[in-house]
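Have a look at run_30.cif; it's mmCIF, C-alpha atoms and all ligand atoms:
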```cif
data_data
#
loop_
_atom_site.label_atom_id
_atom_site.label_comp_id
_atom_site.auth_asym_id
_atom_site.auth_seq_id
_atom_site.Cartn_x
_atom_site.Cartn_y
_atom_site.Cartn_z
CA MET A 25 102.82 47.50 112.01
CA LYS A 26 103.59 47.16 115.72
CA SER A 27 100.76 44.78 116.54
CA LYS A 28 100.94 41.25 115.13
CA TYR A 29 98.81 41.24 111.95
CA ALA A 30 97.04 38.56 109.94
CA ASP A 31 95.35 39.28 106.63
CA LEU A 32 92.30 37.00 106.40
CA LYS A 33 90.55 38.90 103.62
CA LEU A 34 91.07 36.26 100.95
CA ASN A 35 92.03 33.21 102.92
CA GLN A 36 90.64 32.56 106.41
CA ASP A 37 93.80 30.82 107.68
CA LEU A 38 92.65 28.84 110.71
CA ASN A 39 96.20 28.75 112.10
CA LYS A 40 96.22 32.52 112.41
CA ILE A 41 92.86 32.46 114.21
CA LYS A 42 94.23 29.73 116.50
CA GLU A 43 97.28 31.86 117.20
CA ALA A 44 95.08 34.85 118.05
CA ALA A 45 92.99 32.56 120.31
CA MET A 46 96.21 31.63 122.15
CA TYR A 47 96.82 35.34 122.68
CA ILE A 48 93.34 35.61 124.27
CA LYS A 49 94.13 32.63 126.55
CA GLU A 50 97.38 34.32 127.58
CA GLY A 51 95.57 37.49 128.68
CA LYS A 52 96.44 39.58 125.61
CA ILE A 53 94.05 41.68 123.53
CA VAL A 54 92.99 40.96 119.94
CA LEU A 55 91.33 43.21 117.38
CA PHE A 56 88.87 40.99 115.49
CA PRO A 57 85.99 41.30 113.02
CA THR A 58 82.32 40.81 113.80
CA GLU A 59 79.36 41.25 111.43
CA THR A 60 78.59 44.68 112.93
CA VAL A 61 81.93 46.46 113.57
CA TYR A 62 85.42 45.36 114.62
CA GLY A 63 85.93 44.64 118.33
CA ILE A 64 88.88 44.69 120.73
CA GLY A 65 88.63 41.42 122.64
CA ALA A 66 90.02 39.90 125.81
CA ASN A 67 89.20 36.88 127.97
CA ALA A 68 85.97 38.05 129.63
CA LEU A 69 86.84 36.11 132.81
CA ASP A 70 90.26 37.74 133.26
CA GLU A 71 89.96 41.12 134.96
CA LYS A 72 93.56 42.12 134.15
CA ALA A 73 93.19 41.29 130.45
CA VAL A 74 89.94 43.29 130.34
CA ASN A 75 91.73 46.27 131.89
CA LYS A 76 94.03 46.34 128.85
CA ILE A 77 90.99 47.03 126.64
CA PHE A 78 89.99 50.04 128.75
CA GLU A 79 93.58 51.32 128.48
CA ALA A 80 93.84 50.79 124.73
CA LYS A 81 90.56 52.64 124.07
CA GLY A 82 90.84 55.27 126.76
CA ARG A 83 87.38 54.14 127.78
CA ALA A 84 85.54 55.38 130.89
CA SER A 85 85.50 52.64 133.52
CA ASP A 86 81.75 53.12 134.13
CA ASN A 87 80.89 52.01 130.58
CA PRO A 88 80.37 48.21 130.53
CA LEU A 89 81.54 45.84 127.78
CA ILE A 90 79.61 43.30 125.74
CA VAL A 91 80.59 39.65 126.20
CA HIS A 92 80.76 37.58 123.00
CA ILE A 93 79.96 33.87 123.15
CA ALA A 94 79.77 30.92 120.74
CA SER A 95 77.37 28.57 122.56
CA ILE A 96 74.43 28.48 124.95
CA ASP A 97 76.67 26.61 127.42
CA MET A 98 78.83 29.70 127.62
CA LEU A 99 75.72 31.80 128.24
CA ASN A 100 74.62 29.51 131.09
CA ASN A 101 78.00 29.95 132.75
CA LEU A 102 77.67 33.75 132.74
CA VAL A 103 74.04 34.51 133.61
CA LYS A 104 71.65 33.72 136.46
CA GLU A 105 68.60 32.85 134.38
CA ILE A 106 67.28 33.03 130.85
CA GLY A 107 63.69 34.27 130.73
CA LYS A 108 61.05 33.14 128.20
CA ILE A 109 61.28 36.36 126.21
CA GLU A 110 65.07 36.30 126.16
CA GLU A 111 64.83 32.70 124.93
CA LYS A 112 62.57 33.79 122.10
CA LEU A 113 65.00 36.55 121.13
CA ILE A 114 67.91 34.09 121.21
CA ASN A 115 66.08 31.53 119.08
CA ASN A 116 65.21 34.12 116.48
CA PHE A 117 68.25 36.37 116.33
CA TRP A 118 71.36 34.49 117.51
CA PRO A 119 73.94 34.19 116.16
CA GLY A 120 73.62 37.80 115.00
CA PRO A 121 73.70 41.51 115.81
CA LEU A 122 71.62 41.47 119.01
CA THR A 123 72.99 42.05 122.52
CA ILE A 124 70.78 40.99 125.41
CA ILE A 125 71.22 42.26 128.97
CA PHE A 126 71.01 39.51 131.65
CA ASN A 127 71.54 39.30 135.39
CA ARG A 128 75.12 38.17 135.73
CA LYS A 129 76.77 35.44 137.75
CA GLU A 130 79.61 36.24 140.19
CA CYS A 131 82.27 34.90 137.80
CA VAL A 132 81.90 37.93 135.51
CA PRO A 133 84.54 40.43 136.62
CA ASN A 134 83.47 43.86 137.84
CA ASN A 135 85.28 45.79 135.16
CA VAL A 136 83.40 43.96 132.37
CA THR A 137 80.05 45.13 133.72
CA ALA A 138 81.33 48.42 135.18
CA GLY A 139 80.06 47.25 138.55
CA LEU A 140 76.50 46.58 137.34
CA GLU A 141 74.58 43.47 138.35
CA THR A 142 73.82 42.87 134.67
CA VAL A 143 75.91 41.82 131.71
CA GLY A 144 75.35 42.38 127.98
CA ILE A 145 75.88 39.26 125.87
CA ARG A 146 75.80 38.48 122.19
CA MET A 147 76.63 35.56 119.91
CA PRO A 148 78.22 36.99 116.76
CA SER A 149 77.54 35.39 113.37
CA ASN A 150 80.87 36.40 111.79
CA LYS A 151 82.80 33.18 111.15
CA ILE A 152 86.17 34.50 112.32
CA ALA A 153 84.66 35.84 115.55
CA LYS A 154 82.95 32.49 116.13
CA LYS A 155 86.17 30.52 115.52
CA LEU A 156 88.19 32.85 117.73
CA ILE A 157 85.80 32.28 120.65
CA GLU A 158 85.67 28.52 120.00
CA PHE A 159 89.46 28.11 119.73
CA ALA A 160 90.01 30.17 122.88
CA ASN A 161 87.14 28.27 124.50
CA LEU A 162 86.44 31.44 126.47
CA PRO A 163 83.83 34.19 126.38
CA ILE A 164 85.39 37.33 124.87
CA ALA A 165 84.61 40.79 126.24
CA ALA A 166 84.84 43.31 123.42
CA PRO A 167 83.83 46.90 122.84
CA SER A 168 83.92 48.42 119.37
CA ALA A 169 87.41 48.97 117.93
CA ASN A 170 88.07 52.69 118.16
CA ILE A 171 89.51 55.20 120.56
CA SER A 172 86.64 56.24 122.86
CA GLY A 173 84.48 58.94 121.28
CA LYS A 174 85.51 58.14 117.70
CA PRO A 175 83.32 56.27 115.21
CA SER A 176 83.55 52.48 115.49
CA GLY A 177 85.97 50.72 113.14
CA THR A 178 84.35 49.06 110.13
CA LYS A 179 87.62 48.35 108.29
CA ILE A 180 91.22 48.13 109.48
CA GLU A 181 92.49 51.02 107.32
CA ASP A 182 90.25 53.41 109.31
CA ILE A 183 91.57 52.41 112.75
CA ILE A 184 95.12 51.23 112.19
CA ASP A 185 96.63 54.62 113.07
CA GLU A 186 94.81 54.90 116.39
CA LEU A 187 95.14 51.26 117.50
CA ASP A 188 98.34 49.84 116.01
CA GLY A 189 100.68 48.93 118.87
CA LYS A 190 97.88 49.27 121.44
CA VAL A 191 96.48 45.79 120.72
CA ASP A 192 98.52 42.59 120.57
CA TYR A 193 97.02 41.00 117.46
CA ILE A 194 94.96 42.24 114.50
CA LEU A 195 92.73 39.91 112.46
CA ASP A 196 91.85 41.72 109.24
CA ASN A 197 88.70 40.48 107.49
CA GLY A 198 88.18 43.54 105.26
CA MET A 199 84.97 45.56 105.40
CA VAL A 200 82.30 44.40 107.89
CA ASP A 201 78.79 43.46 106.71
CA ILE A 202 76.54 45.75 108.73
CA GLY A 203 78.56 48.78 109.80
CA VAL A 204 76.62 49.88 112.90
CA GLU A 205 76.93 48.19 116.28
CA SER A 206 74.50 45.56 117.58
CA THR A 207 71.01 46.30 118.84
CA VAL A 208 71.12 46.30 122.68
CA VAL A 209 67.95 45.19 124.49
CA ARG A 210 66.84 44.52 128.03
CA VAL A 211 63.61 42.79 129.01
CA ILE A 212 61.78 44.53 131.86
CA GLU A 213 58.31 43.41 132.96
CA ASN A 214 57.81 41.44 129.76
CA LYS A 215 58.63 44.36 127.50
CA VAL A 216 61.69 44.53 125.29
CA HIS A 217 63.43 47.86 125.90
CA ILE A 218 65.71 49.05 123.10
CA LEU A 219 68.80 50.63 124.69
CA ARG A 220 70.65 50.98 121.39
CA PRO A 221 69.04 50.46 117.96
CA GLY A 222 70.79 48.34 115.33
CA LYS A 223 70.30 45.92 112.46
CA ILE A 224 67.78 43.85 114.46
CA THR A 225 64.99 46.40 114.31
CA VAL A 226 61.99 47.33 116.46
CA GLU A 227 59.83 45.89 113.69
CA ASP A 228 61.80 42.59 113.68
CA ILE A 229 61.15 42.19 117.42
CA GLU A 230 57.50 43.23 117.23
CA ARG A 231 56.98 40.66 114.50
CA LEU A 232 57.60 37.99 117.17
CA GLY A 233 54.53 39.30 119.01
CA LEU A 234 56.64 41.05 121.65
CA GLU A 235 56.01 44.50 123.08
CA VAL A 236 58.84 46.95 122.43
CA VAL A 237 59.75 50.16 124.27
CA ILE A 238 62.19 52.55 122.58
CA GLU A 239 64.18 54.34 125.27
CA LYS A 240 63.82 58.08 124.76
CA GLN A 241 67.55 58.74 125.08
CA ILE A 242 68.06 56.99 121.73
CA MET A 243 67.14 60.21 119.94
CA GLU A 244 67.23 62.78 122.74
CA GLU A 245 70.09 64.39 124.55
CA CYS A 246 70.89 62.95 128.00
CA ASN A 247 71.00 65.24 130.96
CA PRO A 248 74.32 64.54 132.72
CA ASN A 249 72.54 63.78 136.01
CA GLU A 250 69.86 61.64 134.45
CA ARG A 251 69.73 57.92 135.21
CA VAL A 252 70.25 56.02 131.99
CA MET A 253 69.60 52.36 131.29
CA SER A 254 72.78 52.01 129.30
CA PRO A 255 75.88 53.96 130.35
CA GLY A 256 77.01 54.25 126.70
CA MET A 257 74.12 56.71 126.11
CA LYS A 258 75.83 59.37 128.24
CA TYR A 259 79.05 59.71 126.31
CA ARG A 260 80.06 61.94 123.43
CA HIS A 261 80.34 59.55 120.53
CA TYR A 262 81.03 59.58 116.79
CA ALA A 263 81.32 63.40 116.54
CA PRO A 264 84.00 64.80 114.20
CA ASN A 265 85.82 67.97 115.27
CA THR A 266 84.10 69.92 112.48
CA LYS A 267 80.59 71.09 113.36
CA CYS A 268 77.90 68.84 111.86
CA ILE A 269 74.16 69.34 111.33
CA LEU A 270 71.64 66.63 110.55
CA VAL A 271 68.76 67.66 108.28
CA TYR A 272 65.67 65.59 107.57
CA SER A 273 62.26 65.94 106.00
CA GLU A 274 59.84 63.23 104.83
CA ASP A 275 59.61 65.37 101.71
CA GLU A 276 62.91 64.81 99.86
CA ASN A 277 62.69 68.06 97.93
CA LYS A 278 62.25 70.07 101.12
CA MET A 279 65.28 68.39 102.65
CA ILE A 280 67.44 69.14 99.60
CA GLU A 281 66.17 72.75 99.56
CA GLU A 282 67.07 73.21 103.25
CA ILE A 283 70.55 71.76 102.70
CA ASN A 284 71.10 74.09 99.74
CA LYS A 285 70.02 76.99 101.99
CA GLN A 286 72.72 76.00 104.49
CA ILE A 287 75.28 75.87 101.66
CA GLU A 288 74.21 79.33 100.50
CA ASN A 289 74.37 80.83 104.01
CA ILE A 290 77.61 79.28 105.22
CA GLY A 291 79.48 78.83 101.94
CA ASN A 292 82.17 76.45 103.02
CA VAL A 293 80.06 73.30 103.47
CA LEU A 294 80.54 69.55 102.99
CA VAL A 295 77.39 67.51 102.28
CA LEU A 296 76.94 63.83 103.08
CA GLY A 297 74.02 62.70 100.95
CA LYS A 298 72.39 59.80 99.15
CA THR A 299 73.90 58.89 95.77
CA SER A 300 70.78 59.96 93.87
CA HIS A 301 70.69 63.38 95.58
CA LEU A 302 74.33 64.41 95.24
CA ASP A 303 74.08 66.27 91.93
CA LYS A 304 71.28 68.44 93.41
CA TYR A 305 73.64 70.14 95.87
CA ASN A 306 75.32 73.44 94.95
CA THR A 307 78.74 72.61 96.37
CA ASN A 308 81.78 70.68 95.17
CA ASN A 309 82.31 69.15 98.61
CA LYS A 310 80.13 66.05 98.72
CA LEU A 311 80.46 62.55 100.08
CA ASP A 312 78.33 59.66 98.86
CA MET A 313 76.47 57.80 101.63
CA GLY A 314 75.11 55.19 99.19
CA GLU A 315 71.47 54.62 98.33
CA SER A 316 69.85 51.97 100.55
CA LEU A 317 69.73 51.95 104.36
CA GLU A 318 72.12 48.97 104.21
CA ASP A 319 74.62 51.03 102.16
CA ILE A 320 74.34 54.00 104.51
CA SER A 321 74.78 51.84 107.59
CA LYS A 322 77.96 50.35 106.09
CA ASN A 323 79.39 53.70 105.05
CA ILE A 324 78.59 56.21 107.80
CA PHE A 325 81.48 55.54 110.19
CA THR A 326 84.10 55.66 107.42
CA LEU A 327 82.55 58.89 106.10
CA LEU A 328 82.41 60.51 109.56
CA ARG A 329 86.11 59.74 109.93
CA LYS A 330 86.84 61.58 106.66
CA VAL A 331 85.13 64.91 107.26
CA ASP A 332 87.85 66.53 109.38
CA SER A 333 90.31 66.20 106.50
CA TYR A 334 88.20 68.71 104.52
CA ASN A 335 88.98 72.25 105.50
CA ILE A 336 85.41 73.38 105.96
CA LYS A 337 83.13 75.23 108.38
CA LEU A 338 80.16 72.93 108.44
CA VAL A 339 79.14 69.40 107.54
CA VAL A 340 75.50 68.90 106.59
CA ILE A 341 74.28 65.32 106.74
CA GLU A 342 71.09 64.00 105.19
CA GLY A 343 68.84 62.17 107.62
CA VAL A 344 66.71 59.11 106.89
CA LYS A 345 63.30 57.96 108.11
CA LYS A 346 63.53 56.59 111.68
CA GLU A 347 62.13 53.22 110.68
CA GLY A 348 63.76 49.81 110.43
CA LEU A 349 67.54 50.16 110.17
CA GLY A 350 66.90 53.91 109.74
CA LEU A 351 66.46 54.28 113.53
CA ALA A 352 70.00 52.95 114.13
CA ILE A 353 71.43 55.24 111.45
CA MET A 354 69.65 58.28 112.90
CA ASN A 355 70.79 57.40 116.44
CA ARG A 356 74.45 57.41 115.29
CA LEU A 357 74.04 60.52 113.11
CA ILE A 358 72.26 62.62 115.74
CA ARG A 359 75.12 61.88 118.13
CA ALA A 360 77.74 62.64 115.47
CA CYS A 361 75.96 65.99 115.09
CA GLU A 362 75.81 66.47 118.87
CA HIS A 363 72.03 66.93 118.56
CA ASN A 364 72.21 69.73 115.97
CA TYR A 365 69.12 68.50 114.15
CA ILE A 366 66.70 70.23 111.80
CA GLU A 367 63.50 68.36 110.93
CA ILE A 368 61.15 70.12 108.54
O1 LIG B 401 78.15 45.30 117.64
C1 LIG B 401 78.58 45.47 118.77
O2 LIG B 401 77.85 45.45 119.77
C2 LIG B 401 80.10 45.74 118.91
C3 LIG B 401 80.82 44.48 118.45
C4 LIG B 401 82.30 44.54 118.69
O3 LIG B 401 80.25 43.38 119.07
N1 LIG B 401 80.41 46.09 120.25
C5 LIG B 401 80.09 47.30 120.78
O4 LIG B 401 80.54 47.49 122.07
O5 LIG B 401 79.48 48.15 120.18
P1 LIG B 401 80.61 48.92 122.79
O6 LIG B 401 81.35 48.65 124.03
O7 LIG B 401 81.17 49.89 121.85
O8 LIG B 401 79.14 49.26 123.13
C6 LIG B 401 78.47 48.54 124.15
C7 LIG B 401 77.21 49.24 124.53
C8 LIG B 401 77.52 50.48 125.36
O9 LIG B 401 76.61 51.50 124.97
C9 LIG B 401 77.26 50.00 126.78
O10 LIG B 401 76.87 51.04 127.64
C10 LIG B 401 76.13 48.99 126.56
O11 LIG B 401 76.43 48.37 125.34
N2 LIG B 401 76.11 47.98 127.63
C11 LIG B 401 77.01 47.00 127.85
N3 LIG B 401 76.69 46.29 128.96
C12 LIG B 401 75.55 46.83 129.46
C13 LIG B 401 74.74 46.56 130.59
N4 LIG B 401 75.03 45.59 131.45
N5 LIG B 401 73.65 47.33 130.77
C14 LIG B 401 73.34 48.33 129.91
N6 LIG B 401 74.08 48.63 128.81
C15 LIG B 401 75.17 47.90 128.59
MG MG B 402 81.64 51.69 121.01
#
```

Would you encode the structure as structure tokens?
Amino acid sequence: MKSKYADLKLNQDLNKIKEAAMYIKEGKIVLFPTETVYGIGANALDEKAVNKIFEAKGRASDNPLIVHIASIDMLNNLVKEIGKIEEKLINNFWPGPLTIIFNRKECVPNNVTAGLETVGIRMPSNKIAKKLIEFANLPIAAPSANISGKPSGTKIEDIIDELDGKVDYILDNGMVDIGVESTVVRVIENKVHILRPGKITVEDIERLGLEVVIEKQIMEECNPNERVMSPGMKYRHYAPNTKCILVYSEDENKMIEEINKQIENIGNVLVLGKTSHLDKYNTNNKLDMGESLEDISKNIFTLLRKVDSYNIKLVVIEGVKKEGLGLAIMNRLIRACEHNYIEI
């Protein structure tokens, strides 16, 4: 272990979190847990420290970072104004897995926002994340913990090889709760635009009486010259080296039949399916995604990281209904499959 490491899985030793907070104050970078995925954090007001994150991840400099806060005072220091709708979202969903895009103040460095006039902010609910921000007494800019393009880290074992030695401190809290990154929204003309779906769902937001617009790039391929609302939409993300196809039908039997057809045609196939479907597939290569949407959301990034270790021609992944948390799962899976998608 080349990075400093603290195991907080059983005992959340406050001294270790304080030590990591000192690292943040000193301009170093810390890998820390949130409720969604692990993040690589730096003092959001220190341009040099933030640069270290881009280096560690190999991240494109035109892809902005999310700033993590622990109080509304911190928010007021970073943004120009908080609209009525944003206030409603904050009151209902913070702390939690929702990132809101605001117009930023001058104090937010250019590299955090990739030169945009806006900044994405969220208040995480994970206790260690909260304490880290409070002890540092600084907003923490943090993208997901992974090398750019790879699935986000949901447990340290999955990312230690790619990030050990590239970050200064690792706070290990075991497996995260949610497993997919936060919902990213921006309010435009009183409508809540979903730039990235997550655990806070379209339905959750509509239930507040708000109008929601789902950006079409969430499920469709971006044209490289197209203007996108969120730079992250443009990049190759989550895709293993092995070719993957996503298959979905509202009729479960049809979906299973189509997947078995793929197995028959290609032969050397790995299936990622729901627990209750696995024994219906005519192959020995199967990975269990779990049964509920919550299970699948927790498991998908770990599973996507495993598939290249199988020596196979094709990975076939079961889709889910694009509703509730299902929309976030499908958004990640369709990108992992680089838009190879069969819907019957
Ligand atoms: O759950 C999460 O959000 C995790 C944890 C660590 O908090 N973080 C995360 O960060 O997923 P990252 O950097 O992997 O993804 C941030 C996404 C990118 O797609 C980026 O383009 C978008 O948010 N984003 C950030 N700032 C933005 C802005 N000002 N306008 C539009 N999109 C923005
Ligand atoms: Mg990411």

Output as a Markdown table one row per residue of chain A within 6 Å of ligand LIG 401 (chain B): the closest atom pair and its distance in Å to one decimal place, counting only C-alpha atoms and all ligand atoms, sorted by chain and residue number ascending.
```
| residue | atom | partner | partner_atom | distance |
| --- | --- | --- | --- | --- |
| A:Thr60 | CA | B:LIG401 | O1 | 4.8 |
| A:Val61 | CA | B:LIG401 | C3 | 5.4 |
| A:Tyr62 | CA | B:LIG401 | C4 | 5.2 |
| A:Gly63 | CA | B:LIG401 | C4 | 3.6 |
| A:Asn87 | CA | B:LIG401 | O10 | 5.1 |
| A:Pro88 | CA | B:LIG401 | N3 | 4.4 |
| A:Leu89 | CA | B:LIG401 | C11 | 4.7 |
| A:Ile90 | CA | B:LIG401 | C11 | 5.0 |
| A:Ile125 | CA | B:LIG401 | N4 | 5.6 |
| A:Thr137 | CA | B:LIG401 | N4 | 5.5 |
| A:Thr142 | CA | B:LIG401 | N4 | 4.4 |
| A:Val143 | CA | B:LIG401 | N4 | 3.9 |
| A:Gly144 | CA | B:LIG401 | N3 | 4.2 |
| A:Ala166 | CA | B:LIG401 | C4 | 5.5 |
| A:Pro167 | CA | B:LIG401 | O6 | 3.3 |
| A:Ser168 | CA | B:LIG401 | O7 | 4.0 |
| A:Glu205 | CA | B:LIG401 | O1 | 3.4 |
| A:Ser206 | CA | B:LIG401 | O1 | 3.7 |
| A:Met253 | CA | B:LIG401 | C14 | 5.7 |
| A:Ser254 | CA | B:LIG401 | N6 | 3.7 |
| A:Pro255 | CA | B:LIG401 | O10 | 4.1 |
| A:Gly256 | CA | B:LIG401 | O9 | 3.3 |
| A:Met257 | CA | B:LIG401 | O9 | 5.9 |
```

Could you please take those selected residues and save C-alpha atoms as a PDB file, keeping the file's coordinate frame?
```pdb
ATOM      1  CA  THR A  60      78.590  44.680 112.930  1.00  0.00           C
ATOM      2  CA  VAL A  61      81.930  46.460 113.570  1.00  0.00           C
ATOM      3  CA  TYR A  62      85.420  45.360 114.620  1.00  0.00           C
ATOM      4  CA  GLY A  63      85.930  44.640 118.330  1.00  0.00           C
ATOM      5  CA  ASN A  87      80.890  52.010 130.580  1.00  0.00           C
ATOM      6  CA  PRO A  88      80.370  48.210 130.530  1.00  0.00           C
ATOM      7  CA  LEU A  89      81.540  45.840 127.780  1.00  0.00           C
ATOM      8  CA  ILE A  90      79.610  43.300 125.740  1.00  0.00           C
ATOM      9  CA  ILE A 125      71.220  42.260 128.970  1.00  0.00           C
ATOM     10  CA  THR A 137      80.050  45.130 133.720  1.00  0.00           C
ATOM     11  CA  THR A 142      73.820  42.870 134.670  1.00  0.00           C
ATOM     12  CA  VAL A 143      75.910  41.820 131.710  1.00  0.00           C
ATOM     13  CA  GLY A 144      75.350  42.380 127.980  1.00  0.00           C
ATOM     14  CA  ALA A 166      84.840  43.310 123.420  1.00  0.00           C
ATOM     15  CA  PRO A 167      83.830  46.900 122.840  1.00  0.00           C
ATOM     16  CA  SER A 168      83.920  48.420 119.370  1.00  0.00           C
ATOM     17  CA  GLU A 205      76.930  48.190 116.280  1.00  0.00           C
ATOM     18  CA  SER A 206      74.500  45.560 117.580  1.00  0.00           C
ATOM     19  CA  MET A 253      69.600  52.360 131.290  1.00  0.00           C
ATOM     20  CA  SER A 254      72.780  52.010 129.300  1.00  0.00           C
ATOM     21  CA  PRO A 255      75.880  53.960 130.350  1.00  0.00           C
ATOM     22  CA  GLY A 256      77.010  54.250 126.700  1.00  0.00           C
ATOM     23  CA  MET A 257      74.120  56.710 126.110  1.00  0.00           C
TER      24      MET A 257
END
```

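Across A:Lys33, A:Lys304, A:Lys278, A:Lys337, the tightest approach to Ile366 in chain A is made by A:Lys278 when counting all atoms listed in the file.
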
Straight-line distance linking CA of Ile41 in chain A with CA of Leu162 in chain A, stated in Å to one decimal:
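Those two atoms sit 13.9 Å apart.
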
Judged by only C-alpha atoms and all ligand atoms, the minimum distance to ligand MG 402 (chain B) among A:Leu34, A:Ile341, A:Val103, A:Ile77 is found for A:Ile77

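Compared by their closest atoms to ligand MG 402 (chain B), and using all atoms listed in the file, the residues A:Lys49, A:Arg210, A:His261, A:Lys26 rank with A:His261 nearest.
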
Requested in this report: Would you please work out which residue, of A:Arg83, A:Lys52, A:Lys298, A:Lys345, is nearest to ligand MG 402 (chain B) when using only C-alpha atoms and all ligand atoms?
Outcome: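 Ranked by minimum distance to ligand MG 402 (chain B), first place goes to A:Arg83.
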
Between CA of Glu110 in chain A and CA of Glu244 in chain A lies a distance of 26.8 Å

Correct to one decimal, the distance CA of Pro248 in chain A-CA of Arg128 in chain A is 26.6 Å

- Task: Pick out the residues sitting within 10 Å of Glu105 in chain A, and hand them over as a list in words; count all atoms listed in the file, and ignore anything fewer than 6 positions along from it in its own chain.
- Result: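 Neighbouring residues, sequence-local ones excluded: Leu99, Phe126, Asn127, Arg128 and Lys129 of chain A.
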
Given all atoms listed in the file as the counted atoms, nearest of A:Ser149, A:Asn75, A:Ser176, A:Thr266 to ligand MG 402 (chain B) =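 Among the listed residues, the smallest separation from ligand MG 402 (chain B) belongs to A:Ser176.
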
Write out as a PDB file with C-alpha atoms, keeping the file's coordinate frame each polymer residue whose atoms come within 12 Å of Cys361 in chain A, counting all atoms listed in the file; drop sequence neighbours fewer than 4 positions from it.
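Generated file (selection_2.pdb):
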```
ATOM      1  CA  MET A 243      67.140  60.210 119.940  1.00  0.00           C
ATOM      2  CA  GLU A 245      70.090  64.390 124.550  1.00  0.00           C
ATOM      3  CA  ARG A 260      80.060  61.940 123.430  1.00  0.00           C
ATOM      4  CA  HIS A 261      80.340  59.550 120.530  1.00  0.00           C
ATOM      5  CA  TYR A 262      81.030  59.580 116.790  1.00  0.00           C
ATOM      6  CA  ALA A 263      81.320  63.400 116.540  1.00  0.00           C
ATOM      7  CA  PRO A 264      84.000  64.800 114.200  1.00  0.00           C
ATOM      8  CA  ASN A 265      85.820  67.970 115.270  1.00  0.00           C
ATOM      9  CA  THR A 266      84.100  69.920 112.480  1.00  0.00           C
ATOM     10  CA  LYS A 267      80.590  71.090 113.360  1.00  0.00           C
ATOM     11  CA  CYS A 268      77.900  68.840 111.860  1.00  0.00           C
ATOM     12  CA  ILE A 269      74.160  69.340 111.330  1.00  0.00           C
ATOM     13  CA  LEU A 270      71.640  66.630 110.550  1.00  0.00           C
ATOM     14  CA  VAL A 271      68.760  67.660 108.280  1.00  0.00           C
ATOM     15  CA  LEU A 328      82.410  60.510 109.560  1.00  0.00           C
ATOM     16  CA  LEU A 338      80.160  72.930 108.440  1.00  0.00           C
ATOM     17  CA  VAL A 339      79.140  69.400 107.540  1.00  0.00           C
ATOM     18  CA  VAL A 340      75.500  68.900 106.590  1.00  0.00           C
ATOM     19  CA  ILE A 341      74.280  65.320 106.740  1.00  0.00           C
ATOM     20  CA  GLU A 342      71.090  64.000 105.190  1.00  0.00           C
ATOM     21  CA  GLY A 343      68.840  62.170 107.620  1.00  0.00           C
ATOM     22  CA  MET A 354      69.650  58.280 112.900  1.00  0.00           C
ATOM     23  CA  ASN A 355      70.790  57.400 116.440  1.00  0.00           C
ATOM     24  CA  ARG A 356      74.450  57.410 115.290  1.00  0.00           C
ATOM     25  CA  LEU A 357      74.040  60.520 113.110  1.00  0.00           C
ATOM     26  CA  TYR A 365      69.120  68.500 114.150  1.00  0.00           C
ATOM     27  CA  ILE A 366      66.700  70.230 111.800  1.00  0.00           C
TER      28      ILE A 366
END
```

Requested in this report: Please provide as an NGL selection string all residues within 7 Å of His217 in chain A, with the sequence filter that same-chain residues fewer than 6 positions apart are discarded (counting only C-alpha atoms).
Outcome: :A and (209-211 or 236-239)

Residue selection dump (C-alpha atoms) as an mmCIF file, in the coordinates of the input:
```cif
data_model
loop_
_atom_site.group_PDB
_atom_site.id
_atom_site.type_symbol
_atom_site.label_atom_id
_atom_site.label_comp_id
_atom_site.auth_asym_id
_atom_site.auth_seq_id
_atom_site.Cartn_x
_atom_site.Cartn_y
_atom_site.Cartn_z
ATOM 1 C CA VAL A 209 67.950 45.190 124.490
ATOM 2 C CA ARG A 210 66.840 44.520 128.030
ATOM 3 C CA VAL A 211 63.610 42.790 129.010
ATOM 4 C CA VAL A 236 58.840 46.950 122.430
ATOM 5 C CA VAL A 237 59.750 50.160 124.270
ATOM 6 C CA ILE A 238 62.190 52.550 122.580
ATOM 7 C CA GLU A 239 64.180 54.340 125.270
#
```

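Counting only C-alpha atoms and all ligand atoms, the residue from A:Lys81, A:Lys285, A:Lys40, A:Lys223 that sits nearest to ligand MG 402 (chain B) is A:Lys81.
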
With 3 Å on each side, where is the centre of the axis-aligned box around all listed atoms of range 146-153 of chain A, and how long are its edges in Å to one decimal, as JSON?
```
{"center_x": 81.0, "center_y": 35.8, "center_z": 116.7, "size_x": 16.4, "size_y": 11.3, "size_z": 17.0}
```

Within 9 Å of Tyr29 in chain A using all atoms listed in the file, minus same-chain residues under 2 positions, as a list in words: Met25, Lys26, Ser27, Asp31, Asp192, Tyr193, Ile194, Leu195 and Asp196 of chain A

Applying 10 Å and all atoms listed in the file, which residues near Gly203 in chain A remain after dropping the ones on its own chain fewer than 6 positions away? List them as a tab-separated table (two decimals) with C-alpha atoms, in the frame of the given file.
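Result file selection-v8.tsv:
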```
chain	number	residue	atom	x	y	z
A	58	THR	CA	82.32	40.81	113.80
A	59	GLU	CA	79.36	41.25	111.43
A	60	THR	CA	78.59	44.68	112.93
A	61	VAL	CA	81.93	46.46	113.57
A	62	TYR	CA	85.42	45.36	114.62
A	176	SER	CA	83.55	52.48	115.49
A	177	GLY	CA	85.97	50.72	113.14
A	178	THR	CA	84.35	49.06	110.13
A	179	LYS	CA	87.62	48.35	108.29
A	222	GLY	CA	70.79	48.34	115.33
A	223	LYS	CA	70.30	45.92	112.46
A	318	GLU	CA	72.12	48.97	104.21
A	319	ASP	CA	74.62	51.03	102.16
A	320	ILE	CA	74.34	54.00	104.51
A	321	SER	CA	74.78	51.84	107.59
A	322	LYS	CA	77.96	50.35	106.09
A	323	ASN	CA	79.39	53.70	105.05
A	324	ILE	CA	78.59	56.21	107.80
A	325	PHE	CA	81.48	55.54	110.19
A	326	THR	CA	84.10	55.66	107.42
A	353	ILE	CA	71.43	55.24	111.45
```
